[in-house]
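Next up, final-v8.txt (compact mmCIF, C-alpha atoms):
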# COMPACT_ATOMS: atom_id res chain seq x y z
CA MET A 1 212.27 -8.23 -54.80
CA ILE A 2 212.71 -6.40 -58.10
CA ALA A 3 210.43 -3.64 -56.81
CA LEU A 4 212.73 -3.31 -53.81
CA ILE A 5 215.73 -2.96 -56.11
CA PHE A 6 214.00 -0.22 -58.09
CA ILE A 7 212.99 1.58 -54.90
CA SER A 8 216.51 1.49 -53.52
CA ILE A 9 218.07 2.70 -56.77
CA TYR A 10 215.66 5.39 -57.86
CA THR A 11 214.33 6.77 -54.57
CA ASN A 12 215.93 7.57 -51.26
CA TRP A 13 213.15 6.13 -49.12
CA LEU A 14 215.43 3.41 -47.82
CA THR A 15 218.29 5.70 -46.83
CA PRO A 16 217.18 6.08 -43.18
CA VAL A 17 216.73 2.30 -42.91
CA ARG A 18 220.21 1.77 -44.28
CA GLN A 19 221.65 4.34 -41.89
CA GLN A 20 220.06 2.69 -38.88
CA LEU A 21 221.05 -0.81 -39.93
CA SER A 22 224.60 -0.07 -40.98
CA VAL A 23 225.54 -0.25 -37.29
CA LEU A 24 225.18 -4.02 -37.79
CA ALA A 25 227.72 -3.99 -40.60
CA VAL A 26 230.50 -2.28 -38.65
CA PRO A 27 231.59 -5.35 -36.61
CA PHE A 28 232.20 -7.23 -39.86
CA TYR A 29 234.57 -4.56 -41.12
CA GLN A 30 236.28 -4.37 -37.75
CA LEU A 31 236.76 -8.14 -37.73
CA THR A 32 238.21 -8.27 -41.22
CA ASP A 33 240.53 -5.42 -40.27
CA ILE A 34 242.11 -7.44 -37.43
CA PRO A 35 244.83 -9.10 -39.58
CA HIS A 36 245.98 -5.68 -40.71
CA ARG A 37 245.98 -4.40 -37.12
CA LEU A 38 248.06 -7.37 -36.05
CA ASP A 39 250.50 -6.60 -38.82
CA VAL A 40 250.80 -2.98 -37.72
CA TRP A 41 251.27 -4.13 -34.13
CA ARG A 42 253.99 -6.56 -35.25
CA GLN A 43 255.75 -3.84 -37.20
CA ASN A 44 255.65 -1.52 -34.21
CA THR A 45 256.73 -4.09 -31.65
CA PHE A 46 259.40 -6.11 -33.36
CA VAL A 47 261.60 -3.43 -34.78
CA SER A 48 265.25 -2.90 -34.11
CA ARG A 49 266.58 0.15 -32.33
CA ARG A 50 268.81 0.96 -35.31
CA GLU A 51 265.83 1.05 -37.67
CA LEU A 52 263.95 3.32 -35.30
CA ALA A 53 266.90 5.66 -35.05
CA LEU A 54 267.17 5.74 -38.83
CA GLU A 55 263.48 6.48 -39.23
CA ASN A 56 263.72 9.19 -36.59
CA GLU A 57 266.56 10.77 -38.52
CA THR A 58 264.67 10.82 -41.82
CA LEU A 59 261.58 12.21 -40.16
CA LYS A 60 263.61 14.99 -38.56
CA THR A 61 265.10 15.94 -41.91
CA GLU A 62 261.68 15.91 -43.51
CA LEU A 63 260.30 18.06 -40.72
CA LEU A 64 263.08 20.56 -41.24
CA ILE A 65 262.30 20.83 -44.94
CA HIS A 66 258.60 21.27 -44.27
CA GLN A 67 259.27 23.87 -41.60
CA ARG A 68 261.31 25.89 -44.03
CA LYS A 69 258.43 25.76 -46.51
CA LEU A 70 256.03 26.73 -43.76
CA GLN A 71 258.06 29.86 -42.92
CA GLN A 72 257.64 31.04 -46.48
CA MET A 73 254.02 30.00 -46.35
CA ALA A 74 253.30 32.28 -43.36
CA ALA A 75 254.67 35.26 -45.21
CA LEU A 76 252.78 34.31 -48.36
CA ALA A 77 249.53 33.81 -46.49
CA ALA A 78 249.88 37.22 -44.86
CA GLU A 79 250.57 38.78 -48.22
CA ASN A 80 247.59 36.97 -49.70
CA VAL A 81 245.31 38.33 -46.98
CA ARG A 82 246.60 41.88 -47.55
CA LEU A 83 246.08 41.64 -51.29
CA ARG A 84 242.60 40.23 -50.80
CA GLN A 85 241.77 43.09 -48.47
CA LEU A 86 242.99 45.51 -51.12
CA MET A 87 240.66 43.87 -53.61
CA ASN A 88 237.78 43.78 -51.10
CA ALA A 89 237.52 40.04 -51.52
CA THR A 90 236.44 37.77 -48.70
CA ASP A 91 239.14 36.04 -46.69
CA ILE A 92 239.90 32.43 -47.27
CA LEU A 93 239.40 30.75 -43.94
CA GLN A 94 241.43 27.85 -42.68
CA ASP A 95 239.70 24.49 -42.84
CA SER A 96 239.84 22.22 -39.84
CA VAL A 97 240.34 18.50 -40.26
CA LEU A 98 239.68 15.24 -38.49
CA VAL A 99 241.99 12.27 -38.90
CA ALA A 100 240.28 9.00 -39.77
CA GLU A 101 241.40 5.53 -40.65
CA LEU A 102 240.24 3.25 -43.42
CA ILE A 103 238.66 0.09 -42.06
CA GLY A 104 237.18 -1.47 -45.17
CA VAL A 105 237.07 -1.42 -48.94
CA SER A 106 234.02 -2.18 -51.01
CA PRO A 107 234.21 -5.82 -52.15
CA ASN A 108 232.37 -4.88 -55.33
CA PRO A 109 235.02 -4.35 -58.02
CA LEU A 110 232.78 -1.95 -59.93
CA SER A 111 232.25 0.54 -57.14
CA HIS A 112 235.07 2.48 -55.59
CA THR A 113 233.92 3.04 -52.04
CA VAL A 114 235.73 2.69 -48.74
CA VAL A 115 234.59 2.58 -45.12
CA ILE A 116 236.25 4.82 -42.54
CA ASN A 117 236.13 4.61 -38.77
CA ARG A 118 234.44 7.97 -38.06
CA GLY A 119 230.74 8.61 -38.07
CA ALA A 120 227.96 10.92 -36.98
CA ASN A 121 229.23 10.86 -33.39
CA GLU A 122 232.43 12.56 -34.47
CA GLY A 123 230.48 15.11 -36.53
CA VAL A 124 230.90 13.55 -39.97
CA PHE A 125 228.18 14.62 -42.40
CA GLU A 126 227.04 13.48 -45.82
CA GLY A 127 228.94 15.15 -48.62
CA GLN A 128 231.99 15.84 -46.48
CA PRO A 129 235.24 15.87 -48.48
CA LEU A 130 237.98 13.38 -47.69
CA LEU A 131 241.69 13.97 -48.32
CA ASP A 132 244.87 12.04 -47.90
CA ALA A 133 248.36 13.50 -47.65
CA PHE A 134 248.59 13.95 -51.40
CA GLY A 135 245.22 15.20 -52.57
CA LEU A 136 241.49 14.88 -52.67
CA MET A 137 240.15 11.35 -52.26
CA GLY A 138 236.38 11.52 -52.30
CA GLN A 139 233.26 12.41 -50.41
CA VAL A 140 231.18 10.84 -47.67
CA ILE A 141 227.98 9.28 -49.00
CA GLU A 142 226.61 7.41 -46.03
CA VAL A 143 226.99 8.18 -42.34
CA SER A 144 226.23 5.84 -39.48
CA GLU A 145 227.09 6.24 -35.83
CA HIS A 146 230.74 5.23 -35.78
CA SER A 147 231.61 4.67 -39.41
CA SER A 148 230.88 6.14 -42.79
CA ARG A 149 231.11 5.15 -46.40
CA VAL A 150 233.13 7.26 -48.81
CA LEU A 151 232.78 7.44 -52.59
CA LEU A 152 236.19 7.87 -54.23
CA ILE A 153 236.72 10.37 -57.03
CA SER A 154 237.62 7.55 -59.42
CA ASP A 155 234.19 5.90 -59.13
CA ALA A 156 232.29 5.91 -62.40
CA THR A 157 229.35 7.74 -60.81
CA HIS A 158 231.46 10.55 -59.38
CA ALA A 159 232.36 13.90 -60.91
CA LEU A 160 233.79 17.08 -59.43
CA PRO A 161 234.54 20.60 -60.64
CA VAL A 162 238.25 21.32 -61.01
CA GLN A 163 240.47 24.02 -62.44
CA VAL A 164 243.93 23.99 -63.93
CA ASN A 165 246.32 25.41 -61.37
CA ARG A 166 248.46 27.11 -64.01
CA ASN A 167 245.82 29.27 -65.67
CA GLY A 168 242.49 28.70 -63.95
CA VAL A 169 240.73 26.89 -66.80
CA ARG A 170 237.66 25.18 -65.34
CA ALA A 171 236.51 21.66 -66.11
CA ILE A 172 234.65 18.72 -64.69
CA ALA A 173 236.71 15.69 -63.69
CA GLU A 174 234.79 12.48 -64.00
CA GLY A 175 235.68 9.10 -62.54
CA THR A 176 236.18 6.29 -65.03
CA GLY A 177 235.95 3.24 -62.79
CA ASP A 178 239.72 2.91 -63.11
CA LEU A 179 241.61 3.92 -59.97
CA ASN A 180 244.36 5.71 -61.87
CA ARG A 181 242.33 7.64 -64.41
CA LEU A 182 239.98 10.59 -64.33
CA ARG A 183 238.50 12.07 -67.49
CA LEU A 184 237.82 15.74 -68.05
CA ARG A 185 234.44 16.34 -69.63
CA HIS A 186 233.71 18.78 -72.42
CA VAL A 187 237.14 20.33 -72.80
CA SER A 188 237.16 22.12 -76.13
CA ASN A 189 239.97 21.41 -78.57
CA THR A 190 241.39 24.91 -78.26
CA THR A 191 241.56 25.01 -74.46
CA ASP A 192 245.00 25.66 -73.04
CA ILE A 193 245.63 22.46 -71.13
CA ARG A 194 248.82 20.44 -71.26
CA GLU A 195 250.31 17.25 -69.98
CA GLY A 196 251.65 17.70 -66.47
CA ASP A 197 249.15 20.39 -65.50
CA LEU A 198 247.97 20.18 -61.91
CA LEU A 199 244.21 20.15 -61.45
CA VAL A 200 242.93 21.57 -58.17
CA SER A 201 239.39 21.57 -56.83
CA SER A 202 237.62 24.76 -57.85
CA GLY A 203 234.98 24.78 -55.13
CA LEU A 204 232.28 25.58 -57.66
CA GLY A 205 230.10 22.62 -56.83
CA LYS A 206 229.93 23.91 -53.24
CA ARG A 207 230.85 20.48 -52.05
CA PHE A 208 234.64 20.45 -52.10
CA PRO A 209 236.73 23.29 -50.67
CA VAL A 210 238.87 25.34 -53.06
CA GLY A 211 242.45 24.60 -53.90
CA TYR A 212 243.12 20.99 -52.94
CA PRO A 213 245.11 19.04 -55.54
CA VAL A 214 242.95 16.53 -57.38
CA ALA A 215 244.88 15.13 -60.33
CA GLU A 216 247.68 15.63 -62.77
CA VAL A 217 246.96 15.70 -66.49
CA GLU A 218 248.46 12.61 -68.05
CA SER A 219 247.50 12.86 -71.68
CA VAL A 220 245.65 15.27 -73.94
CA VAL A 221 244.41 13.98 -77.27
CA ARG A 222 243.07 16.60 -79.64
CA ASP A 223 241.29 14.85 -82.46
CA PRO A 224 239.85 17.36 -84.96
CA GLY A 225 237.12 14.87 -85.78
CA GLN A 226 235.83 14.94 -82.23
CA ALA A 227 233.89 17.78 -80.67
CA PHE A 228 235.99 17.76 -77.51
CA ALA A 229 239.52 16.90 -76.55
CA THR A 230 240.09 13.71 -74.56
CA VAL A 231 241.91 14.64 -71.39
CA ILE A 232 243.01 11.90 -69.02
CA ALA A 233 244.33 12.75 -65.57
CA ARG A 234 245.89 10.69 -62.80
CA PRO A 235 244.56 11.30 -59.28
CA MET A 236 247.11 12.79 -56.90
CA ALA A 237 245.68 10.99 -53.86
CA ARG A 238 246.86 7.42 -53.37
CA LEU A 239 243.39 6.01 -53.68
CA ASP A 240 244.45 2.40 -53.27
CA ARG A 241 247.16 2.86 -50.66
CA SER A 242 246.34 5.56 -48.12
CA ARG A 243 245.04 4.27 -44.81
CA HIS A 244 245.17 7.46 -42.81
CA VAL A 245 242.86 10.05 -44.26
CA LEU A 246 241.61 13.51 -43.34
CA LEU A 247 238.01 14.62 -43.17
CA VAL A 248 237.70 18.31 -43.91
CA PHE A 249 235.33 20.55 -42.01
CA ASP A 250 234.85 23.36 -44.44
CA SER A 251 234.75 26.79 -42.86
CA ARG A 252 232.01 27.88 -45.24
CA ASP A 253 228.40 27.20 -44.47
CA ASN A 254 227.91 23.69 -45.72
CA THR A 255 224.17 23.22 -45.55
CA PRO A 256 222.98 22.23 -49.01
CA MET B 1 224.70 -29.87 -25.33
CA LEU B 2 222.20 -27.91 -27.31
CA PRO B 3 219.03 -29.53 -28.58
CA ALA B 4 219.68 -31.11 -31.99
CA ARG B 5 217.56 -28.79 -34.14
CA TYR B 6 218.83 -25.63 -32.52
CA HIS B 7 222.38 -26.89 -32.78
CA THR B 8 222.01 -27.41 -36.56
CA GLN B 9 220.83 -23.87 -37.04
CA VAL B 10 223.74 -22.42 -35.09
CA VAL B 11 226.27 -24.32 -37.20
CA ILE B 12 224.61 -23.25 -40.45
CA ALA B 13 224.44 -19.64 -39.29
CA ALA B 14 228.11 -19.77 -38.31
CA THR B 15 229.13 -20.95 -41.79
CA PHE B 16 227.14 -18.10 -43.33
CA VAL B 17 228.74 -15.53 -41.01
CA LEU B 18 232.15 -16.85 -42.04
CA ALA B 19 231.14 -16.57 -45.70
CA LEU B 20 230.01 -12.96 -45.15
CA LEU B 21 233.32 -12.14 -43.47
CA LEU B 22 235.21 -13.60 -46.42
CA ALA B 23 232.93 -11.64 -48.76
CA VAL B 24 234.05 -8.31 -47.31
CA TYR B 25 237.63 -9.24 -46.47
CA PRO B 26 239.80 -6.54 -48.04
CA LEU B 27 241.74 -7.79 -51.06
CA PRO B 28 244.36 -6.00 -53.16
CA LEU B 29 242.58 -4.08 -55.89
CA SER B 30 244.04 -6.10 -58.73
CA TRP B 31 242.65 -9.28 -57.15
CA ARG B 32 239.18 -7.98 -56.52
CA TRP B 33 237.72 -9.61 -59.62
CA TRP B 34 238.93 -13.00 -58.45
CA ARG B 35 237.07 -13.11 -55.15
CA PRO B 36 234.86 -16.23 -55.07
CA GLU B 37 231.23 -15.63 -54.12
CA PHE B 38 231.44 -17.35 -50.76
CA VAL B 39 227.89 -16.61 -49.64
CA VAL B 40 226.38 -18.08 -52.81
CA MET B 41 228.62 -21.13 -52.53
CA VAL B 42 227.70 -21.83 -48.91
CA ALA B 43 224.04 -21.33 -49.77
CA ILE B 44 224.34 -23.81 -52.66
CA TYR B 45 225.98 -26.36 -50.37
CA TRP B 46 223.28 -26.19 -47.71
CA ILE B 47 220.51 -26.33 -50.30
CA PHE B 48 222.06 -29.44 -51.84
CA THR B 49 222.44 -31.08 -48.44
CA LEU B 50 219.24 -30.02 -46.69
CA PRO B 51 216.88 -29.08 -49.54
CA LEU B 52 213.71 -29.56 -47.53
CA ARG B 53 214.78 -27.35 -44.66
CA THR B 54 215.87 -24.38 -46.75
CA SER B 55 213.87 -21.25 -46.22
CA LEU B 56 213.83 -18.83 -49.14
CA ILE B 57 212.72 -16.02 -46.82
CA LEU B 58 215.82 -16.47 -44.69
CA LEU B 59 217.95 -16.52 -47.84
CA ILE B 60 216.40 -13.22 -48.93
CA LEU B 61 217.19 -11.74 -45.52
CA LEU B 62 220.74 -13.01 -45.82
CA GLY B 63 221.03 -11.40 -49.25
CA LEU B 64 219.66 -8.13 -47.92
CA PHE B 65 222.19 -8.20 -45.11
CA GLN B 66 224.96 -8.73 -47.63
CA ASP B 67 223.68 -5.72 -49.58
CA LEU B 68 223.82 -3.66 -46.42
CA LEU B 69 227.34 -4.88 -45.74
CA GLU B 70 228.64 -4.09 -49.20
CA GLY B 71 226.71 -0.86 -49.62
CA VAL B 72 224.99 -1.86 -52.85
CA PRO B 73 221.29 -1.23 -53.63
CA PHE B 74 218.99 -3.30 -51.41
CA GLY B 75 217.84 -6.47 -53.11
CA GLN B 76 220.79 -7.07 -55.40
CA HIS B 77 222.20 -10.10 -53.60
CA GLY B 78 218.76 -11.06 -52.32
CA LEU B 79 217.47 -11.48 -55.86
CA ALA B 80 220.57 -13.37 -56.96
CA LEU B 81 220.36 -15.75 -54.00
CA VAL B 82 216.68 -16.48 -54.54
CA ILE B 83 217.15 -17.24 -58.24
CA VAL B 84 220.11 -19.51 -57.52
CA ALA B 85 218.27 -21.20 -54.66
CA TYR B 86 215.26 -21.90 -56.88
CA ILE B 87 217.42 -23.48 -59.57
CA CYS B 88 219.19 -25.53 -56.89
CA LEU B 89 215.90 -26.73 -55.45
CA LEU B 90 214.79 -27.88 -58.90
CA SER B 91 218.02 -29.70 -59.61
CA TYR B 92 219.46 -30.94 -56.31
CA GLN B 93 218.47 -34.58 -56.82
CA ARG B 94 220.58 -34.82 -59.94
CA VAL B 95 223.49 -32.59 -59.00
CA ARG B 96 224.03 -34.19 -55.60
CA ASN B 97 225.21 -37.35 -57.36
CA TYR B 98 227.66 -35.62 -59.66
CA SER B 99 231.38 -35.95 -59.18
CA LEU B 100 233.13 -33.02 -57.59
CA TRP B 101 234.48 -31.46 -60.77
CA LYS B 102 231.10 -31.77 -62.47
CA GLN B 103 229.59 -30.00 -59.50
CA SER B 104 232.23 -27.31 -59.98
CA CYS B 105 230.97 -26.72 -63.52
CA TRP B 106 227.45 -26.48 -62.18
CA VAL B 107 228.61 -23.97 -59.53
CA PHE B 108 230.20 -21.94 -62.33
CA VAL B 109 226.81 -21.69 -64.04
CA LEU B 110 224.96 -20.87 -60.82
CA VAL B 111 227.39 -18.19 -59.66
CA GLY B 112 227.43 -16.88 -63.22
CA ILE B 113 223.67 -16.41 -62.99
CA ALA B 114 224.07 -14.65 -59.64
CA GLN B 115 226.72 -12.40 -61.20
CA LEU B 116 224.37 -11.63 -64.06
CA THR B 117 221.73 -10.19 -61.74
CA ASP B 118 224.43 -8.36 -59.77
CA ASN B 119 225.71 -6.84 -62.96
CA TRP B 120 222.23 -5.89 -64.06
CA VAL B 121 221.55 -3.99 -60.82
CA GLN B 122 224.97 -2.34 -60.92
CA ALA B 123 224.39 -1.23 -64.50
CA MET B 124 221.05 0.27 -63.49
CA SER B 125 222.70 2.26 -60.74
CA GLY B 126 224.96 3.85 -63.30
CA ARG B 127 228.19 1.88 -63.24
CA PRO B 128 229.85 0.87 -66.50
CA LEU B 129 229.45 -2.70 -67.69
CA SER B 130 232.56 -4.73 -67.18
CA GLY B 131 232.37 -7.01 -70.21
CA ILE B 132 233.41 -10.59 -69.68
CA MET B 133 235.08 -9.73 -66.36
CA PHE B 134 231.87 -10.34 -64.47
CA LEU B 135 232.41 -14.06 -64.99
CA TYR B 136 235.78 -14.05 -63.19
CA PRO B 137 234.15 -14.48 -59.74
CA ALA B 138 232.14 -17.39 -61.16
CA PHE B 139 235.34 -19.00 -62.40
CA ALA B 140 237.09 -18.40 -59.07
CA SER B 141 234.10 -19.90 -57.24
CA ALA B 142 234.18 -22.99 -59.46
CA CYS B 143 237.89 -23.45 -58.73
CA PHE B 144 237.22 -22.99 -55.03
CA TRP B 145 234.19 -25.27 -54.87
CA PRO B 146 235.99 -28.58 -54.11
CA ILE B 147 237.77 -27.05 -51.08
CA CYS B 148 234.61 -25.35 -49.91
CA TYR B 149 232.57 -28.53 -50.39
CA LEU B 150 235.01 -30.82 -48.59
CA TRP B 151 235.38 -28.40 -45.69
CA LEU B 152 231.63 -27.99 -45.31
CA GLU B 153 231.22 -31.78 -45.51
CA ALA B 154 233.73 -32.12 -42.68
CA VAL B 155 231.87 -29.54 -40.63
CA ARG B 156 228.59 -31.30 -41.29
CA ARG B 157 229.99 -34.69 -40.26
CA ARG B 158 231.65 -33.23 -37.20
CA TYR B 159 228.39 -31.75 -35.94
CA ARG B 160 226.25 -34.62 -37.26
CA ILE B 161 223.85 -32.53 -39.29
CA ALA B 162 221.59 -34.56 -41.52
Output the file's structure in the form of structure tokens.
Amino acid sequence: MIALIFISIYTNWLTPVRQQLSVLAVPFYQLTDIPHRLDVWRQNTFVSRRELALENETLKTELLIHQRKLQQMAALAAENVRLRQLMNATDILQDSVLVAELIGVSPNPLSHTVVINRGANEGVFEGQPLLDAFGLMGQVIEVSEHSSRVLLISDATHALPVQVNRNGVRAIAEGTGDLNRLRLRHVSNTTDIREGDLLVSSGLGKRFPVGYPVAEVESVVRDPGQAFATVIARPMARLDRSRHVLLVFDSRDNTP
Amino acid sequence: MLPARYHTQVVIAATFVLALLLAVYPLPLSWRWWRPEFVVMVAIYWIFTLPLRTSLILLILLGLFQDLLEGVPFGQHGLALVIVAYICLLSYQRVRNYSLWKQSCWVFVLVGIAQLTDNWVQAMSGRPLSGIMFLYPAFASACFWPICYLWLEAVRRRYRIA
């Protein structure tokens, strides 16, 4: 038994077994998701016309605002391409996405993993980044046929390369096991980083695409007695609330 | 009607499936530490009631399935279940005669032991230790034990398993 534990922690011999068998686990997650589905159904069915009209109105306004932003965005993107061509840099390609839904959360309070309802059949692959509407959420660690398991960026065993949006300072953001805190590793005391700075993915680890918002710096403590500053950031993605998530198909070659 | 022996096994399996469902039922994050260990509790109940029919191999398989379900290293729950089952098998004659709240205390200890092995495996796979929080599920299980016990007793009487 203990040998089995060691094998499954320190080697990946059991990964194929787990992948094959995780088909068995999916019905459990689907069953436990039924109450939520019923709730969604109830919300969609028993709703007054007035409320719907109101919601429609707000959505229209929101759409208008976003469309205005998008108009600017088109011009900016074109300008960006021109400038990049001037500098002989490669073009940034658009990433395509796949919408997925959360069907389960890890019952283990120490590990921050979730289960989503897309798997190998929809083209999901291991290491694929996952976003929600607000920022980067995590990466796929286990793929089975119709579901996959995602490690969130706040998990204590997760780290990703980021950069400060304001000035491009690079760092590594490490999960702390607390959903609302990431820690930046090895940031020297003299680095220009402030509270409120937006951290975006830097794409250096070749796992996450460039430029997605990851976290916002919450506090910077510079203690002269310590070798490095303590920088705490709050993830932008709503790790504990988002149900609809996006799987990103990176336009770069993603083979490790 | 199913043959008696077969019938017993189906009922026991059904209670375990229910326990597994409750073990992965999504809870709000702030409540996650307070989830009772349903699988361990149901296992304890059946060992206390039918000690001679318990199969440790089947319990290991159950634990492995729970590992698969929760996405933790294989063997974590298997090991915990086997240790708990062994202690139960050594002590069932005494504990069966305890009053319900005394049994609850005993369940606290047993689930605590299961949590200990869980925590050990989790620590090996690189997660931070949680301090005293790992005993919360044991406490929740102890609080939940009377309900669980009475319900399982009712099920057992209803299907005449002895």
Suppose you want the space between atom CA of Arg183 of chain A and atom CA of Asn108 of chain A; what is it in Å? 21.7 Å
Quick one: everything within 6 Å of Ala173 of chain A, counting only C-alpha atoms, minus sequence neighbours fewer than 5 positions away in the same chain. Send it as a PyMOL selection string. chain A and resi 159-160+183-184
Let me see the file: selected residues, C-alpha atoms, as a compact mmCIF listing (two decimals), in the frame of the given file.
# COMPACT_ATOMS: atom_id res chain seq x y z
CA ALA A 159 232.36 13.90 -60.91
CA LEU A 160 233.79 17.08 -59.43
CA ARG A 183 238.50 12.07 -67.49
CA LEU A 184 237.82 15.74 -68.05
Let me have the centre and edge lengths in Å, one decimal, of the box along x, y and z around every listed atom of segment 27-35 of chain A with 6 Å of margin on each side, as AutoDock Vina command-line options.
--center_x 238.2 --center_y -6.7 --center_z -38.9 --size_x 25.2 --size_y 16.7 --size_z 16.6
Could you tell me which residues of chain B sit within 8 Å of chain A when counting only C-alpha atoms, and give me the result as JSON, numbers by chain? {"B": [21, 23, 24, 25, 26, 27, 29, 32, 33, 68, 69, 70, 71, 73, 74, 75, 76, 78, 79, 121, 122, 124, 125, 126, 127, 128, 130]}
Within 12 Å of (220.6, -25.4, -52.7), in the coordinates the file gives, what residues turn up when you count all atoms listed in the file, written out as a PyMOL selection string? chain B and resi 39-56+59+81-96+106-107+110
